[in-house]
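File shown here: work34.cif, holding mmCIF, C-alpha atoms.
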data_final
loop_
_atom_site.label_atom_id
_atom_site.label_comp_id
_atom_site.auth_asym_id
_atom_site.auth_seq_id
_atom_site.Cartn_x
_atom_site.Cartn_y
_atom_site.Cartn_z
CA MET A 17 312.35 74.18 135.95
CA ALA A 18 309.29 72.62 137.53
CA ASP A 19 306.32 71.63 135.42
CA GLU A 20 302.66 72.35 136.06
CA ALA A 21 302.07 69.27 138.23
CA GLN A 22 305.11 69.87 140.47
CA LEU A 23 304.39 73.56 140.79
CA ARG A 24 300.77 72.89 141.63
CA ALA A 25 301.74 70.35 144.27
CA LEU A 26 304.08 72.90 145.89
CA MET A 27 301.39 75.58 145.77
CA LEU A 28 298.75 73.36 147.37
CA LYS A 29 301.15 72.37 150.15
CA GLY A 30 302.02 76.02 150.64
CA LEU A 31 298.34 76.90 150.85
CA ALA A 32 297.98 74.27 153.54
CA GLY A 33 300.68 76.06 155.56
CA ASP A 34 303.90 74.30 154.51
CA ALA A 35 306.52 77.08 154.53
CA ALA A 36 309.22 75.04 152.76
CA ALA A 37 306.87 74.16 149.90
CA HIS A 38 305.76 77.77 149.66
CA ARG A 39 309.39 78.91 149.47
CA ALA A 40 310.10 76.34 146.77
CA PHE A 41 307.03 77.48 144.87
CA LEU A 42 308.06 81.15 145.04
CA THR A 43 311.58 80.26 143.92
CA GLU A 44 310.30 78.39 140.88
CA ALA A 45 307.80 81.15 140.19
CA ALA A 46 310.59 83.76 140.33
CA GLY A 47 312.45 81.92 137.57
CA MET A 48 309.37 81.76 135.38
CA LEU A 49 308.51 85.39 136.03
CA ARG A 50 312.05 86.51 135.28
CA GLY A 51 311.88 84.88 131.87
CA TYR A 52 308.47 86.34 131.23
CA PHE A 53 309.30 89.93 132.19
CA ARG A 54 312.82 90.07 130.75
CA ASN A 55 311.52 88.83 127.49
CA ARG A 56 308.91 91.56 127.37
CA LEU A 57 311.08 94.37 128.76
CA ARG A 58 314.21 93.42 126.93
CA THR A 59 316.02 96.75 127.10
CA ARG A 60 315.16 97.25 130.77
CA PRO A 61 316.34 94.25 132.79
CA GLU A 62 316.22 96.20 136.10
CA ASP A 63 312.56 96.99 135.54
CA ALA A 64 312.02 93.31 134.83
CA GLU A 65 313.54 92.33 138.16
CA ASP A 66 311.42 94.96 139.93
CA LEU A 67 308.37 93.41 138.34
CA VAL A 68 309.51 89.93 139.38
CA GLN A 69 309.66 91.07 143.00
CA GLU A 70 306.39 92.96 142.82
CA THR A 71 304.64 89.96 141.27
CA LEU A 72 306.11 87.60 143.88
CA VAL A 73 304.53 89.73 146.59
CA ALA A 74 301.27 89.67 144.58
CA LEU A 75 301.40 85.87 144.25
CA HIS A 76 302.01 85.61 147.97
CA THR A 77 299.38 88.05 149.22
CA ARG A 78 296.74 86.86 146.75
CA ARG A 79 297.55 83.18 146.96
CA ASP A 80 294.08 82.43 148.30
CA SER A 81 292.79 83.47 144.87
CA TYR A 82 294.18 80.29 143.30
CA ASP A 83 291.32 78.01 142.32
CA PRO A 84 292.61 74.38 142.33
CA ASN A 85 290.08 73.49 139.61
CA TYR A 86 292.18 75.37 137.07
CA PRO A 87 295.85 75.17 135.99
CA LEU A 88 298.31 76.86 138.29
CA THR A 89 300.44 78.28 135.47
CA ALA A 90 297.35 80.00 134.05
CA TRP A 91 296.83 81.65 137.44
CA LEU A 92 300.48 82.64 137.71
CA TYR A 93 300.75 84.12 134.22
CA ALA A 94 297.40 85.87 134.52
CA ILE A 95 298.80 87.75 137.52
CA ALA A 96 302.14 88.36 135.76
CA ARG A 97 300.36 89.70 132.70
CA TYR A 98 298.22 91.95 134.86
CA ARG A 99 301.27 93.35 136.68
CA LEU A 100 302.96 93.97 133.32
CA ILE A 101 299.92 95.76 131.89
CA ASP A 102 299.64 97.84 135.03
CA PHE A 103 303.33 98.71 134.78
CA LEU A 104 303.10 99.64 131.10
CA ARG A 105 300.03 101.75 131.76
CA ARG A 106 301.86 103.62 134.47
CA ALA A 107 304.96 104.04 132.33
CA LYS A 108 302.86 105.40 129.49
CA HIS A 109 301.30 107.82 131.90
CA ARG A 110 304.68 109.28 132.81
CA SER A 111 306.51 109.27 129.53
CA HIS A 112 306.02 107.78 126.12
CA ALA A 113 309.70 107.47 125.36
CA SER A 114 310.28 104.92 128.12
CA LEU A 115 308.18 102.38 126.27
CA ASP A 116 310.81 101.94 123.56
CA GLY A 117 312.25 98.50 123.33
CA ILE A 118 309.24 96.70 124.73
CA ASP A 119 308.66 93.67 122.66
CA VAL A 120 306.40 90.68 122.93
CA ARG A 121 307.72 87.30 121.88
CA ASP A 122 306.42 83.87 122.56
CA ASP A 123 309.54 82.01 123.65
CA ASP A 124 310.75 82.76 127.15
CA PRO A 125 314.48 82.27 127.71
CA VAL A 126 315.74 81.59 131.22
CA TYR A 127 317.82 84.20 133.00
CA GLU A 128 319.74 84.32 136.22
CA ALA A 129 318.61 86.06 139.37
CA SER A 130 319.90 89.54 139.94
CA ASP A 131 319.32 92.59 142.01
CA ALA A 132 316.31 94.72 141.43
CA ARG A 133 316.68 98.43 140.81
CA ARG A 134 314.65 99.52 143.79
CA ASP A 135 315.09 98.30 147.31
CA VAL A 136 312.06 96.76 148.93
CA ALA A 137 313.58 97.29 152.37
CA THR A 138 313.54 101.08 152.00
CA LEU A 139 309.91 100.98 150.83
CA LEU A 140 309.01 99.34 154.12
CA GLU A 141 309.65 102.70 155.77
CA LYS A 142 306.57 104.09 154.05
CA LEU A 143 304.20 101.62 155.67
CA PRO A 144 302.11 102.47 158.73
CA GLU A 145 304.07 101.72 161.87
CA LYS A 146 302.12 98.66 163.00
CA GLN A 147 302.42 96.96 159.60
CA ARG A 148 306.06 97.92 159.30
CA THR A 149 306.92 96.56 162.73
CA ALA A 150 305.04 93.30 162.14
CA ILE A 151 306.78 92.70 158.81
CA ARG A 152 310.19 93.67 160.17
CA LEU A 153 309.96 91.36 163.18
CA VAL A 154 308.51 88.30 161.49
CA LYS A 155 309.69 88.53 157.91
CA LEU A 156 313.11 90.17 158.27
CA GLU A 157 314.28 89.53 161.83
CA GLU A 158 313.04 85.98 161.66
CA ARG A 159 311.02 85.93 164.81
CA SER A 160 307.93 83.85 165.22
CA VAL A 161 304.48 85.39 165.19
CA ARG A 162 304.19 84.60 168.88
CA GLU A 163 307.46 86.38 169.72
CA ALA A 164 306.41 89.36 167.65
CA ALA A 165 303.10 89.46 169.48
CA GLU A 166 304.86 89.34 172.85
CA SER A 167 307.38 92.04 172.06
CA THR A 168 304.80 94.44 170.62
CA GLY A 169 301.93 93.69 172.98
CA LEU A 170 299.65 92.98 170.03
CA SER A 171 297.66 89.78 169.62
CA GLU A 172 298.94 87.07 167.28
CA SER A 173 296.05 87.52 164.86
CA ASP A 174 296.71 91.26 164.89
CA ILE A 175 300.31 90.57 163.84
CA LYS A 176 299.18 88.23 161.06
CA ILE A 177 296.64 90.73 159.74
CA SER A 178 299.19 93.54 159.89
CA ILE A 179 301.67 91.48 157.90
CA HIS A 180 299.09 90.61 155.29
CA ARG A 181 297.82 94.18 154.89
CA GLY A 182 301.34 95.52 154.98
CA LEU A 183 302.47 93.25 152.17
CA LYS A 184 299.50 94.26 150.05
CA THR A 185 300.34 97.92 150.61
CA LEU A 186 303.98 97.16 149.90
CA MET A 187 303.13 95.67 146.53
CA ARG A 188 301.23 98.83 145.64
CA LEU A 189 304.15 100.99 146.74
CA MET A 190 306.48 98.86 144.62
CA ALA A 191 304.27 99.43 141.60
CA GLU A 192 303.99 103.15 142.27
CA GLU A 193 307.67 103.66 142.70
CA GLN A 194 308.36 101.89 139.47
CA ALA A 195 307.89 103.56 136.13
CA THR A 196 309.45 106.77 137.41
CA MET B 190 316.90 93.57 148.52
CA LYS B 191 317.75 90.54 146.45
CA THR B 192 314.89 88.52 145.05
CA ASP B 193 316.01 85.43 146.98
CA ASP B 194 315.91 87.37 150.24
CA LEU B 195 312.43 88.60 149.39
CA ILE B 196 311.28 85.03 148.78
CA GLU B 197 312.83 83.98 152.07
CA ALA B 198 310.98 86.76 153.86
CA LEU B 199 307.65 86.06 152.17
CA ALA B 200 307.79 82.34 152.93
CA ARG B 201 308.63 82.79 156.60
CA GLU B 202 305.90 81.81 159.05
CA THR B 203 303.60 80.67 156.25
CA GLU B 204 300.07 80.26 157.51
CA PRO B 205 297.44 78.02 155.96
CA ALA B 206 295.45 80.16 153.50
CA LYS B 207 291.81 80.64 154.41
CA PRO B 208 289.42 80.19 151.52
CA GLN B 209 287.05 83.13 151.16
CA PRO B 210 283.34 82.39 151.56
CA TRP B 211 282.50 84.20 148.33
CA ARG B 212 279.05 82.74 147.70
CA MET B 213 277.62 84.16 150.89
CA LYS B 214 279.34 87.51 150.38
CA LEU B 215 278.12 87.78 146.81
CA ALA B 216 274.54 86.89 147.76
CA LEU B 217 274.52 89.43 150.58
CA THR B 218 276.04 92.10 148.34
CA VAL B 219 273.45 91.68 145.61
CA LEU B 220 270.62 91.49 148.13
CA THR B 221 271.77 94.67 149.87
CA GLY B 222 272.02 96.45 146.53
CA LEU B 223 268.50 95.34 145.65
CA VAL B 224 267.05 96.53 148.95
CA VAL B 225 268.77 99.92 148.65
CA ALA B 226 267.56 100.33 145.06
CA GLY B 227 264.05 99.34 146.16
CA LEU B 228 264.11 101.97 148.88
CA LEU B 229 265.34 104.57 146.40
CA VAL B 230 262.41 103.77 144.12
CA ALA B 231 259.92 103.86 146.99
CA ILE B 232 261.22 107.18 148.30
CA GLY B 233 262.43 108.94 145.19
CA LEU B 234 260.17 107.79 142.35
CA GLY B 235 257.20 106.29 144.13
CA VAL B 236 255.79 102.84 143.48
CA ARG B 237 253.26 102.93 140.63
CA ALA B 238 249.75 103.62 141.90
CA ASP B 239 248.15 100.64 140.19
CA ILE B 240 250.63 98.11 141.59
CA GLY B 241 247.69 96.10 142.96
CA VAL B 242 246.26 95.28 139.53
CA ALA B 243 249.57 95.50 137.66
CA ARG B 244 251.24 92.82 139.77
CA MET B 245 251.70 90.51 136.81
CA PRO B 246 253.55 92.88 134.44
CA VAL B 247 255.66 94.17 137.34
CA MET B 248 256.64 90.62 138.18
CA MET B 249 257.46 89.88 134.55
CA LYS B 250 259.68 92.95 134.28
CA ALA B 251 261.44 92.15 137.53
CA LEU B 252 261.94 88.59 136.33
CA PHE B 253 263.39 89.77 133.04
CA SER B 254 265.81 92.02 134.93
CA ALA B 255 266.76 89.26 137.35
CA LEU B 256 267.44 86.97 134.41
CA ALA B 257 269.69 89.61 132.84
CA ALA B 258 271.70 89.83 136.07
CA ALA B 259 271.78 86.05 136.39
CA VAL B 260 273.24 85.40 132.93
CA VAL B 261 276.16 87.74 133.64
CA LEU B 262 276.83 86.39 137.12
CA PRO B 263 278.89 83.31 136.05
CA MET B 264 281.20 85.61 134.11
CA ALA B 265 281.74 87.89 137.10
CA VAL B 266 282.47 84.87 139.31
CA GLN B 267 285.14 83.64 136.87
CA LEU B 268 286.70 87.09 136.73
CA MET B 269 287.13 87.33 140.50
CA LYS B 270 290.17 85.07 140.34
CA PRO B 271 293.13 85.04 137.92
CA GLY B 272 293.50 82.53 135.14
CA ARG B 273 289.99 81.14 135.03
CA PRO B 274 288.66 80.85 131.49
CA LEU B 275 285.40 82.56 130.51
CA GLY B 276 284.35 80.04 127.85
CA TRP B 277 280.59 80.09 127.20
CA ARG B 278 279.94 82.74 129.81
CA ILE B 279 280.46 85.78 127.60
CA GLY B 280 278.34 84.07 124.96
CA ALA B 281 275.49 83.57 127.43
CA ALA B 282 275.34 87.30 128.14
CA LEU B 283 275.48 88.22 124.45
CA ILE B 284 272.84 85.65 123.53
CA PHE B 285 270.56 87.05 126.21
CA ALA B 286 270.94 90.55 124.77
CA GLY B 287 270.36 89.24 121.24
CA VAL B 288 267.24 87.26 122.22
CA SER B 289 265.86 90.29 124.07
CA LEU B 290 266.20 92.51 121.04
CA LEU B 291 264.72 89.80 118.83
CA ALA B 292 261.78 89.51 121.23
CA ALA B 293 261.31 93.28 120.98
CA PHE B 294 261.23 93.04 117.20
CA ILE B 295 258.72 90.17 117.20
CA ALA B 296 256.50 91.94 119.72
CA LEU B 297 256.55 95.10 117.62
CA MET B 298 255.64 93.21 114.49
CA GLY B 299 252.66 91.85 116.38
CA GLU B 300 251.37 95.39 116.97
CA MET B 301 249.28 97.35 114.48
CA PRO B 302 251.70 99.54 112.47
CA GLU B 303 250.16 102.76 113.83
CA HIS B 304 250.72 101.59 117.42
CA ARG B 305 254.28 100.37 116.97
CA TRP B 306 256.05 103.58 117.84
CA GLU B 307 253.93 104.00 120.95
CA ALA B 308 254.54 100.40 122.07
CA TRP B 309 258.24 100.81 121.51
CA MET B 310 258.77 104.21 123.15
CA GLY B 311 256.28 103.72 125.98
CA GLY B 312 253.30 105.83 125.01
CA ARG B 313 252.66 108.82 122.80
CA GLY B 314 255.66 111.15 122.92
CA GLY B 315 257.18 108.85 125.53
CA VAL B 316 260.85 108.91 126.44
CA PRO B 317 262.48 105.74 127.80
CA TRP B 318 263.62 107.30 131.05
CA CYS B 319 264.71 103.91 132.31
CA VAL B 320 267.93 104.32 130.32
CA VAL B 321 268.86 107.09 132.78
CA LEU B 322 267.10 105.87 135.91
CA ILE B 323 268.25 102.25 135.88
CA PRO B 324 271.96 103.18 135.93
CA ILE B 325 271.27 105.48 138.90
CA LEU B 326 269.48 102.66 140.73
CA ALA B 327 272.34 100.32 139.80
CA ALA B 328 274.93 102.53 141.49
CA PRO B 329 274.60 101.17 145.07
CA THR B 330 274.98 97.58 143.88
CA ALA B 331 277.89 98.55 141.65
CA VAL B 332 279.75 100.20 144.53
CA LEU B 333 279.27 97.16 146.76
CA LEU B 334 280.23 94.69 144.03
CA THR B 335 283.35 96.70 143.16
CA TRP B 336 284.33 96.63 146.80
CA LEU B 337 283.78 92.86 146.92
CA MET B 338 285.68 92.30 143.66
CA ARG B 339 288.64 94.24 145.02
CA SER B 340 289.00 91.77 147.87
CA PHE B 341 289.73 89.08 145.27
CA ALA B 342 292.30 89.40 142.49
CA PRO B 343 290.70 90.40 139.19
CA THR B 344 293.26 90.51 136.39
CA ARG B 345 290.92 91.49 133.55
CA ILE B 346 289.61 94.57 135.24
CA THR B 347 287.80 96.25 132.37
CA LEU B 348 285.78 93.12 131.69
CA ALA B 349 285.23 92.58 135.40
CA GLY B 350 283.94 96.16 135.62
CA ALA B 351 281.57 95.56 132.70
CA ALA B 352 280.24 92.40 134.36
CA ILE B 353 279.72 94.26 137.63
CA GLY B 354 277.93 97.01 135.71
CA ALA B 355 275.59 94.58 133.95
CA ILE B 356 274.72 92.73 137.16
CA SER B 357 274.10 96.00 138.95
CA GLY B 358 272.00 97.16 136.00
CA GLY B 359 269.86 94.03 136.28
CA VAL B 360 269.44 94.58 140.02
CA GLY B 361 268.61 98.26 139.46
CA ALA B 362 266.07 97.29 136.79
CA MET B 363 264.39 94.86 139.20
CA ALA B 364 263.75 97.75 141.56
CA TYR B 365 262.81 100.08 138.72
CA ALA B 366 260.06 97.64 137.65
CA MET B 367 258.07 98.72 140.73
CA TYR B 368 257.88 102.23 139.33
CA CYS B 369 258.01 101.73 135.55
CA PRO B 370 254.55 102.62 134.16
CA THR B 371 255.11 100.99 130.75
CA ASP B 372 254.22 97.33 130.34
CA SER B 373 254.68 96.81 126.59
CA VAL B 374 256.94 93.83 125.88
CA ALA B 375 258.84 95.61 123.12
CA PHE B 376 259.52 98.55 125.44
CA VAL B 377 260.89 96.41 128.24
CA THR B 378 263.01 94.06 126.14
CA THR B 379 264.52 96.98 124.24
CA TRP B 380 265.05 99.70 126.80
CA TYR B 381 265.80 97.59 129.85
CA THR B 382 268.43 95.80 127.78
CA VAL B 383 269.83 99.11 126.55
CA ALA B 384 269.85 100.47 130.13
CA ILE B 385 271.72 97.40 131.37
CA ALA B 386 274.18 97.71 128.47
CA VAL B 387 274.75 101.35 129.48
CA CYS B 388 275.49 100.11 133.00
CA ALA B 389 277.97 97.59 131.58
CA ALA B 390 279.74 100.31 129.59
CA LEU B 391 279.94 102.61 132.62
CA GLY B 392 281.13 99.63 134.67
CA ALA B 393 283.91 98.87 132.20
CA PHE B 394 285.17 102.43 132.49
CA ILE B 395 284.89 102.53 136.28
CA GLY B 396 286.39 99.05 136.65
CA SER B 397 289.50 99.95 134.70
CA LYS B 398 290.11 102.71 137.28
CA PHE B 399 288.87 101.31 140.56
CA LEU B 400 289.62 97.61 140.31
CA ARG B 401 293.38 98.13 140.06
CA TRP B 402 295.50 96.48 142.69
#
As structure tokens, how would this structure be written, given the file I've shared?
Amino acid sequence: MADEAQLRALMLKGLAGDAAAHRAFLTEAAGMLRGYFRNRLRTRPEDAEDLVQETLVALHTRRDSYDPNYPLTAWLYAIARYRLIDFLRRAKHRSHASLDGIDVRDDDPVYEASDARRDVATLLEKLPEKQRTAIRLVKLEERSVREAAESTGLSESDIKISIHRGLKTLMRLMAEEQAT
Amino acid sequence: MKTDDLIEALARETEPAKPQPWRMKLALTVLTGLVVAGLLVAIGLGVRADIGVARMPVMMKALFSALAAAVVLPMAVQLMKPGRPLGWRIGAALIFAGVSLLAAFIALMGEMPEHRWEAWMGGRGGVPWCVVLIPILAAPTAVLLTWLMRSFAPTRITLAGAAIGAISGGVGAMAYAMYCPTDSVAFVTTWYTVAIAVCAALGAFIGSKFLRW
């Protein structure tokens, strides 16, 4: 697993627009998040993976909130902790019983990747059409922003903004669907 | 969708991130809040009639309020982004509140005992209305600051809400100074501080609801 300096280097490259570095950063982050959430939601590994995915979208859409003057891991875990608190708050709201088995320990074992309980792809359907189309074309069908702009008749910046807004909405939908 | 596929999708077509010009936005937000609060005072309460001769105490009260907002500002700035430590910044706000209350005590001790109550409560049978009016005048700033804060990524939202409340309270108090008819030091350092603390408490409550993302 990458240390602070490596992770930070990947993040800064990603912020500068390096897609490969950003992918590597998210992959490392996923491992760290998985350990963090599984350890705190020990009886509910599917919820943990949902939270991993939700937090990855949060890290991505809010990546401009990273301040390079401070440690990257502090930024990452601050967001993870916030997503966990938000999740627990929501779970408490719905039923008290579902909080059983939540435990906080300091050591974070490493787990393997697995499927999440909910499917992000089906949540996409709930987005406004423009955002959904932009995300589908660029993020899932692997077309470039320019191609997406051409095929939809929207401008390139419109596509980029739609993707960004759509992903933010998606993260909220992920959180809302959870804890049911 | 598998997590690896999600990562693949997120990382596709990565654009350079644009840093947000937060200083300018924050300055404009606070300034707008101040202007709106000033207009509310001018229209709703009326500027005090003797503002011509009372310029000095009005300035002092506005300065005190501005200082209150200024000591909380560094904390709010830290809270806009995840994982930035608060360090001395909470202490600065608490020390300001402590010094204000101490100043109130010293000022009261300097008064003749029979005048103390009057100096503290703002006149015979006075009620410190500022505790109600300052939070109302703080509301426009609070709404704008909450909106600004939401565009960042606050992860300690109750604290962020409290900081927004205190800053807005300071801004509201600056405008309120134009109306406030009481100039006693003990009155201002006590009740303005209490009013701003009320704003912070309301802000904490509102923040925990409206700063979620």
Would you list which chain B residues are within 12 Å of chain A using all atoms listed in the file, as an MDAnalysis selection string? chainID B and resid 190:211 266:275 338:347 397:398 400:402
Expressed in Å, the length from atom CA of Val260 of chain B to atom CA of Leu337 of chain B is 19.0 Å
B:Ala258, B:Ala327, B:Met245, B:Ala292: which is nearest Val230 of chain B, counting only C-alpha atoms?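 Answer, going by the shortest atom-to-atom distance: B:Ala327.
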So that all listed atoms of segment 391-394 of chain B fit with 5 Å spare on each side, what axis-aligned box centre and edge lengths in Å, to one decimal, would you give as AutoDock Vina command-line options?
--center_x 282.6 --center_y 100.7 --center_z 133.4 --size_x 15.2 --size_y 13.7 --size_z 12.5
Residue members of the PyMOL selection byres ((chain B and resi 326) around 12) in the file shown, as a ChimeraX atom specification: /B:222-231,233-234,319-325,327-332,354,356-366,368,384-385,388
Would you kindly return, as JSON, numbers by chain, each protein, DNA or RNA residue with an atom no farther than 10 Å from any atom of Leu348 of chain B, considering all atoms listed in the file and excluding same-chain residues fewer than 6 positions away? {"B": [264, 265, 268, 279, 354, 389, 390, 392, 393, 394, 396, 397]}
Any idea what the distance is between atom CA of Ser178 of chain A and atom CA of Lys146 of chain A?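 These atoms are spaced 6.7 Å apart.
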Report the distance between atom CA of Leu143 of chain A and atom CA of Asp63 of chain A in Å, rounded to one decimal place. 22.3 Å
Could you give me, as a count of residues only, the residues that have an atom at most 12 Å away from the point (266.8, 87.5, 133.8) in the coordinates of the file, using only C-alpha atoms? 32
Within 12 Å of Asp174 of chain A, counting only C-alpha atoms, which residues show up once you throw out same-chain ones fewer than 3 positions away? Write them as a ChimeraX atom specification, please. /A:146-147,149-151,161-162,164-166,168-171,177-182
Excluding same-chain residues fewer than 3 positions from Gly315 of chain B, what lies within 12 Å of it counting all atoms listed in the file, as a ChimeraX atom specification? /B:306-312,318-319,370-371,376
Ala64 of chain A environment, 9 Å, only C-alpha atoms, sequence neighbours closer than 6 positions dropped, as an mmCIF file with C-alpha atoms, keeping the file's coordinate frame:
data_model
loop_
_atom_site.group_PDB
_atom_site.id
_atom_site.type_symbol
_atom_site.label_atom_id
_atom_site.label_comp_id
_atom_site.auth_asym_id
_atom_site.auth_seq_id
_atom_site.Cartn_x
_atom_site.Cartn_y
_atom_site.Cartn_z
ATOM 1 C CA LEU A 49 308.510 85.390 136.030
ATOM 2 C CA ARG A 50 312.050 86.510 135.280
ATOM 3 C CA GLY A 51 311.880 84.880 131.870
ATOM 4 C CA TYR A 52 308.470 86.340 131.230
ATOM 5 C CA PHE A 53 309.300 89.930 132.190
ATOM 6 C CA ARG A 54 312.820 90.070 130.750
ATOM 7 C CA ASN A 55 311.520 88.830 127.490
ATOM 8 C CA ARG A 56 308.910 91.560 127.370
ATOM 9 C CA LEU A 57 311.080 94.370 128.760
ATOM 10 C CA ARG A 58 314.210 93.420 126.930
ATOM 11 C CA ALA A 132 316.310 94.720 141.430
#
